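Everything below concerns the one structure shown next.
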Amino acid sequence: MTARAPIALQGVRKAFGPLVAVDGVDLTVPRGELFGLIGHNGAGKSTLFRIMLGLTPADAGEVQVAGCAVGSPAWQAARARIGYLPEQLALYDNLNAVETLTFFAQLKRADASQIEPLLARVGLSAAAGRPVRTYSKGMRQRLGLAQALLGTPQVLFLDEPTNGLDPQAIREFYELLDGLRRQGVTVIITSHILAELQQRVDRLAILASGRIVAQGSVQELREALALPLTVSLWGEPSVLAAAQTAVGDCATAQQDGAGLHLRCERVHKMEVLARLAPLASQLADLQIHEPSLEDLYFGVAA
Ligand SMILES: Nc1ncnc2c1ncn2[C@@H]1O[C@H](COP(=O)(O)OP(=O)(O)OP(=O)(O)O)[C@@H](O)[C@H]1O
């Protein structure tokens, strides 16, 4: 276990009666990483979050967050270095953004002078005086993020933070996270929107029935799981026929109205491309479809 990593878990277990919700989890997340945690409903994600936040005690294992063992005498002070955006943050509709953050700053014993810069950072300065009930879903989430950033945390836990946000708001949300990562903040995020995480996380873990069944970058998981990929070609029927003959038994071919789709094992990828190379100038287009995070997820967690 890397003692200095902002998040370091070893052998973490939690049962509720006969149900083992978290079953021997080892996890290390280095400083400045955006780490995704995905898994089916009931996989244990929220329980693991609650354990890392010190809200639910683990039955066994070691849990270190922000340089401190969770639940140790120093833990209370370490909590100030941690930010948390729960899936459903309760906001008081009649308070405006400044009043909301003032309230949370008091709870967190954070400096109130942070409030205005934080509102500017999440793009809410202009709306800061309006009651929260007039806010859109995206504005509420940005206020939630500002709340999580009070106290300048080193580690940020975000539980489905982009749920219900439109594409523009999602993009802005991740731009904000990028800025935080560049400052060394470690972010751990859960989401059921796998396409969104695929493009953004540095690494991720797939949790199934309380166990981590795969862990790494999307590319590492692709290589480890060795799922087939697809090379799609478009061109004249005679050229597509020649392509199918050229790849031979390196790939299985499927033709639709628009093109030819060659499914091949990862180890055959370069061989397939080499065999297609002589036809390159005659093809209208070629695309390589790597397994998506969703494919990887179903490859290990289904
Ligand atoms: N306080 C509790 N008492 C009893 N069982 C619980 C408790 N909290 C969680 N569980 C059970 O532990 C398992 C893991 O739940 P958890 O909420 O951690 O899953 P999750 O991955 O966050 O699911 P979701 O994606 O639906 O939010 C589930 O079977 C759940 O019913």
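Chains: A, B, ... in order of the structure tokens. Residues: from 1 per chain. Ligands: from 1, in order shown.
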
field: Contacts of segment 150-165 of chain A within 9 Å, only C-alpha atoms, excl. fewer than 5 positions in-chain, as an MDAnalysis selection string
entry: chainID A and resid 6:7 31:32 46 49 53 65:66 79:88 101 104:105 108:112 114:115 118 137:138 141 144:145 170 173 184:193

Those same residues, written as a PDB file, in the first residue's frame with C-alpha atoms?
```pdb
ATOM      1  CA  PRO A   6      -4.444  10.448  -1.015  1.00  0.00           C
ATOM      2  CA  ILE A   7      -6.615   7.339  -1.199  1.00  0.00           C
ATOM      3  CA  ARG A  31      -2.433  12.669  -6.177  1.00  0.00           C
ATOM      4  CA  GLY A  32      -4.095  14.669  -8.944  1.00  0.00           C
ATOM      5  CA  SER A  46     -21.976   4.220  -2.119  1.00  0.00           C
ATOM      6  CA  PHE A  49     -17.721   6.086  -0.562  1.00  0.00           C
ATOM      7  CA  LEU A  53     -15.642   9.452   4.111  1.00  0.00           C
ATOM      8  CA  VAL A  65      -7.772   9.162   2.979  1.00  0.00           C
ATOM      9  CA  ALA A  66      -5.979  12.510   2.709  1.00  0.00           C
ATOM     10  CA  ARG A  79     -11.867  15.675   7.212  1.00  0.00           C
ATOM     11  CA  ALA A  80     -11.274  19.366   6.512  1.00  0.00           C
ATOM     12  CA  ARG A  81      -9.073  18.227   3.599  1.00  0.00           C
ATOM     13  CA  ILE A  82     -11.925  16.263   2.039  1.00  0.00           C
ATOM     14  CA  GLY A  83     -14.831  17.526  -0.085  1.00  0.00           C
ATOM     15  CA  TYR A  84     -17.994  15.554  -0.798  1.00  0.00           C
ATOM     16  CA  LEU A  85     -20.806  16.097  -3.254  1.00  0.00           C
ATOM     17  CA  PRO A  86     -23.512  13.543  -2.458  1.00  0.00           C
ATOM     18  CA  GLU A  87     -25.824  12.273  -5.176  1.00  0.00           C
ATOM     19  CA  GLN A  88     -28.659  14.305  -3.744  1.00  0.00           C
ATOM     20  CA  LEU A 101     -22.325  28.562   1.129  1.00  0.00           C
ATOM     21  CA  PHE A 104     -22.027  25.069   4.689  1.00  0.00           C
ATOM     22  CA  ALA A 105     -18.866  27.055   5.532  1.00  0.00           C
ATOM     23  CA  LYS A 108     -17.228  22.846   7.763  1.00  0.00           C
ATOM     24  CA  ARG A 109     -15.499  25.598   9.741  1.00  0.00           C
ATOM     25  CA  ALA A 110     -14.226  26.935   6.427  1.00  0.00           C
ATOM     26  CA  ASP A 111     -13.206  30.542   5.832  1.00  0.00           C
ATOM     27  CA  ALA A 112     -16.142  32.639   4.536  1.00  0.00           C
ATOM     28  CA  GLN A 114     -13.641  31.731   0.059  1.00  0.00           C
ATOM     29  CA  ILE A 115     -17.295  32.052  -0.863  1.00  0.00           C
ATOM     30  CA  LEU A 118     -15.714  29.901  -5.273  1.00  0.00           C
ATOM     31  CA  LYS A 137     -30.431  21.668 -12.293  1.00  0.00           C
ATOM     32  CA  GLY A 138     -26.992  22.601 -13.682  1.00  0.00           C
ATOM     33  CA  GLN A 141     -24.991  21.058  -9.232  1.00  0.00           C
ATOM     34  CA  GLY A 144     -23.099  21.666  -4.872  1.00  0.00           C
ATOM     35  CA  LEU A 145     -19.597  21.537  -6.267  1.00  0.00           C
ATOM     36  CA  ILE A 170     -21.211  18.364 -18.354  1.00  0.00           C
ATOM     37  CA  PHE A 173     -18.176  20.539 -15.078  1.00  0.00           C
ATOM     38  CA  GLY A 184      -3.109  18.390  -7.382  1.00  0.00           C
ATOM     39  CA  VAL A 185      -6.636  17.702  -6.134  1.00  0.00           C
ATOM     40  CA  THR A 186      -7.507  14.001  -6.276  1.00  0.00           C
ATOM     41  CA  VAL A 187     -11.026  13.363  -7.540  1.00  0.00           C
ATOM     42  CA  ILE A 188     -13.005  10.144  -7.217  1.00  0.00           C
ATOM     43  CA  ILE A 189     -16.236  10.093  -9.152  1.00  0.00           C
ATOM     44  CA  THR A 190     -19.131   7.668  -9.669  1.00  0.00           C
ATOM     45  CA  SER A 191     -21.402   7.711 -12.684  1.00  0.00           C
ATOM     46  CA  HIS A 192     -23.674   5.365 -14.578  1.00  0.00           C
ATOM     47  CA  ILE A 193     -22.954   7.326 -17.775  1.00  0.00           C
TER      48      ILE A 193
END
```

field: Selection: 7 Å around segment 274-277 of chain A, only C-alpha atoms, excl. self and same-chain fewer than 6 positions, as a list in words
entry: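 Listing them by chain and then by number gives Ala243, Ala246 and Val247 of chain A.
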
Considering only C-alpha atoms and all ligand atoms, give me a table of residues in chain A that are at most 8 Å from ligand 1, with the closest atom pair and distance in Å for each, as a Markdown table.
```
| residue | atom | partner | partner_atom_place_in_ligand_line | distance |
| --- | --- | --- | --- | --- |
| A:Ala15 | CA | ligand 1 | 12 (O) | 7.6 |
| A:Phe16 | CA | ligand 1 | 4 (C) | 4.9 |
| A:Gly17 | CA | ligand 1 | 4 (C) | 7.4 |
| A:Leu19 | CA | ligand 1 | 12 (O) | 6.8 |
| A:Val20 | CA | ligand 1 | 12 (O) | 7.0 |
| A:Ala21 | CA | ligand 1 | 12 (O) | 4.4 |
| A:Val22 | CA | ligand 1 | 14 (C) | 7.3 |
| A:Ile38 | CA | ligand 1 | 21 (O) | 7.8 |
| A:Gly39 | CA | ligand 1 | 21 (O) | 5.9 |
| A:His40 | CA | ligand 1 | 25 (O) | 5.6 |
| A:Asn41 | CA | ligand 1 | 26 (O) | 3.4 |
| A:Gly42 | CA | ligand 1 | 19 (O) | 3.3 |
| A:Ala43 | CA | ligand 1 | 21 (O) | 3.7 |
| A:Gly44 | CA | ligand 1 | 18 (O) | 3.2 |
| A:Lys45 | CA | ligand 1 | 21 (O) | 3.8 |
| A:Ser46 | CA | ligand 1 | 22 (O) | 3.6 |
| A:Thr47 | CA | ligand 1 | 18 (O) | 3.7 |
| A:Leu48 | CA | ligand 1 | 18 (O) | 6.4 |
| A:Phe49 | CA | ligand 1 | 18 (O) | 8.0 |
| A:His192 | CA | ligand 1 | 25 (O) | 7.6 |
| A:Leu207 | CA | ligand 1 | 21 (O) | 7.7 |
| A:Ser209 | CA | ligand 1 | 14 (C) | 7.6 |
| A:Gly210 | CA | ligand 1 | 14 (C) | 7.1 |
```

- request: Run DSSP on the backbone of this structure and report the residues of segment 124-207 of chain A it assigns to helix (DSSP H, G or I), as a PyMOL selection string.
  value: chain A and resi 132-134+137-149+167-182+194-200

How about saving the chosen residues, C-alpha atoms kept, as a compact mmCIF listing (two decimals), in the first residue's frame?
```txt
# COMPACT_ATOMS: atom_id res chain seq x y z
CA VAL A 132 -31.81 28.59 -5.03
CA ARG A 133 -35.38 27.68 -5.98
CA THR A 134 -34.91 29.72 -9.18
CA LYS A 137 -30.43 21.67 -12.29
CA GLY A 138 -26.99 22.60 -13.68
CA MET A 139 -26.78 25.65 -11.43
CA ARG A 140 -27.72 23.56 -8.39
CA GLN A 141 -24.99 21.06 -9.23
CA ARG A 142 -22.45 23.86 -9.62
CA LEU A 143 -23.50 25.20 -6.23
CA GLY A 144 -23.10 21.67 -4.87
CA LEU A 145 -19.60 21.54 -6.27
CA ALA A 146 -18.78 24.92 -4.71
CA GLN A 147 -20.00 23.50 -1.39
CA ALA A 148 -17.68 20.50 -1.82
CA LEU A 149 -14.76 22.85 -2.55
CA PRO A 167 -23.93 18.27 -22.58
CA GLN A 168 -22.70 21.86 -22.22
CA ALA A 169 -23.01 21.75 -18.43
CA ILE A 170 -21.21 18.36 -18.35
CA ARG A 171 -18.35 19.78 -20.42
CA GLU A 172 -18.04 22.80 -18.11
CA PHE A 173 -18.18 20.54 -15.08
CA TYR A 174 -15.22 18.46 -16.30
CA GLU A 175 -13.28 21.57 -17.31
CA LEU A 176 -13.60 22.67 -13.72
CA LEU A 177 -12.40 19.27 -12.50
CA ASP A 178 -9.42 19.50 -14.88
CA GLY A 179 -8.40 22.78 -13.27
CA LEU A 180 -8.60 21.17 -9.84
CA ARG A 181 -6.53 18.17 -10.93
CA ARG A 182 -3.84 20.46 -12.27
CA LEU A 194 -20.04 5.23 -19.00
CA ALA A 195 -19.47 7.12 -22.27
CA GLU A 196 -18.91 10.28 -20.26
CA LEU A 197 -16.37 8.69 -17.92
CA GLN A 198 -14.56 6.87 -20.74
CA GLN A 199 -13.24 10.12 -22.20
CA ARG A 200 -12.35 11.78 -18.93
```

message: Let me make sure I understand: among A:Pro73, A:Gly61, A:Pro291, A:Gly248, which one has the smallest atom-to-atom distance to Leu221 of chain A if we use only C-alpha atoms?
response: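 Ranking A:Pro73, A:Gly61, A:Pro291, A:Gly248 by distance to Leu221 of chain A, first place goes to A:Pro291.
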
field: Residues within 8 Å of Leu233 of chain A, only C-alpha atoms, excluding chain neighbours under 4 positions, as a ChimeraX atom specification
entry: /A:240,259-261,283-287

What's around Glu62 of chain A at 9 Å? Count only C-alpha atoms, leave out sequence neighbours fewer than 2 positions away in its own chain, and write the answer as a tab-separated table (two decimals) with C-alpha atoms, in the first residue's frame.
```tsv
chain	number	residue	atom	x	y	z
A	8	ALA	CA	-5.21	3.99	-0.08
A	9	LEU	CA	-7.43	1.04	0.80
A	10	GLN	CA	-6.38	-2.48	1.59
A	11	GLY	CA	-8.57	-5.50	2.29
A	12	VAL	CA	-11.65	-3.38	3.02
A	58	ALA	CA	-15.47	-0.90	7.70
A	60	ALA	CA	-12.01	-5.07	8.26
A	64	GLN	CA	-6.39	5.97	4.49
A	69	ALA	CA	-6.34	6.56	8.72
A	70	VAL	CA	-10.11	6.94	8.71
```

Just want the 9 Å neighbourhood of Ser125 of chain A, counted on only C-alpha atoms, with same-chain residues fewer than 6 positions away dropped. Output as a JSON list (two decimals) with N, CA and C atoms, in the first residue's frame.
```json
[["chain", "number", "residue", "atom", "x", "y", "z"],
["A", 97, "ALA", "N", -27.28, 31.72, -3.12],
["A", 97, "ALA", "CA", -26.03, 30.94, -3.17],
["A", 97, "ALA", "C", -25.05, 31.37, -2.07],
["A", 116, "GLU", "N", -17.02, 34.04, -2.23],
["A", 116, "GLU", "CA", -17.14, 34.77, -3.51],
["A", 116, "GLU", "C", -16.23, 34.20, -4.60],
["A", 117, "PRO", "N", -14.93, 33.94, -4.30],
["A", 117, "PRO", "CA", -14.09, 33.33, -5.34],
["A", 117, "PRO", "C", -14.62, 31.97, -5.81],
["A", 118, "LEU", "N", -15.19, 31.21, -4.88],
["A", 118, "LEU", "CA", -15.71, 29.90, -5.27],
["A", 118, "LEU", "C", -16.92, 30.04, -6.20],
["A", 119, "LEU", "N", -17.78, 31.01, -5.89],
["A", 119, "LEU", "CA", -18.95, 31.24, -6.76],
["A", 119, "LEU", "C", -18.50, 31.68, -8.15]]
```
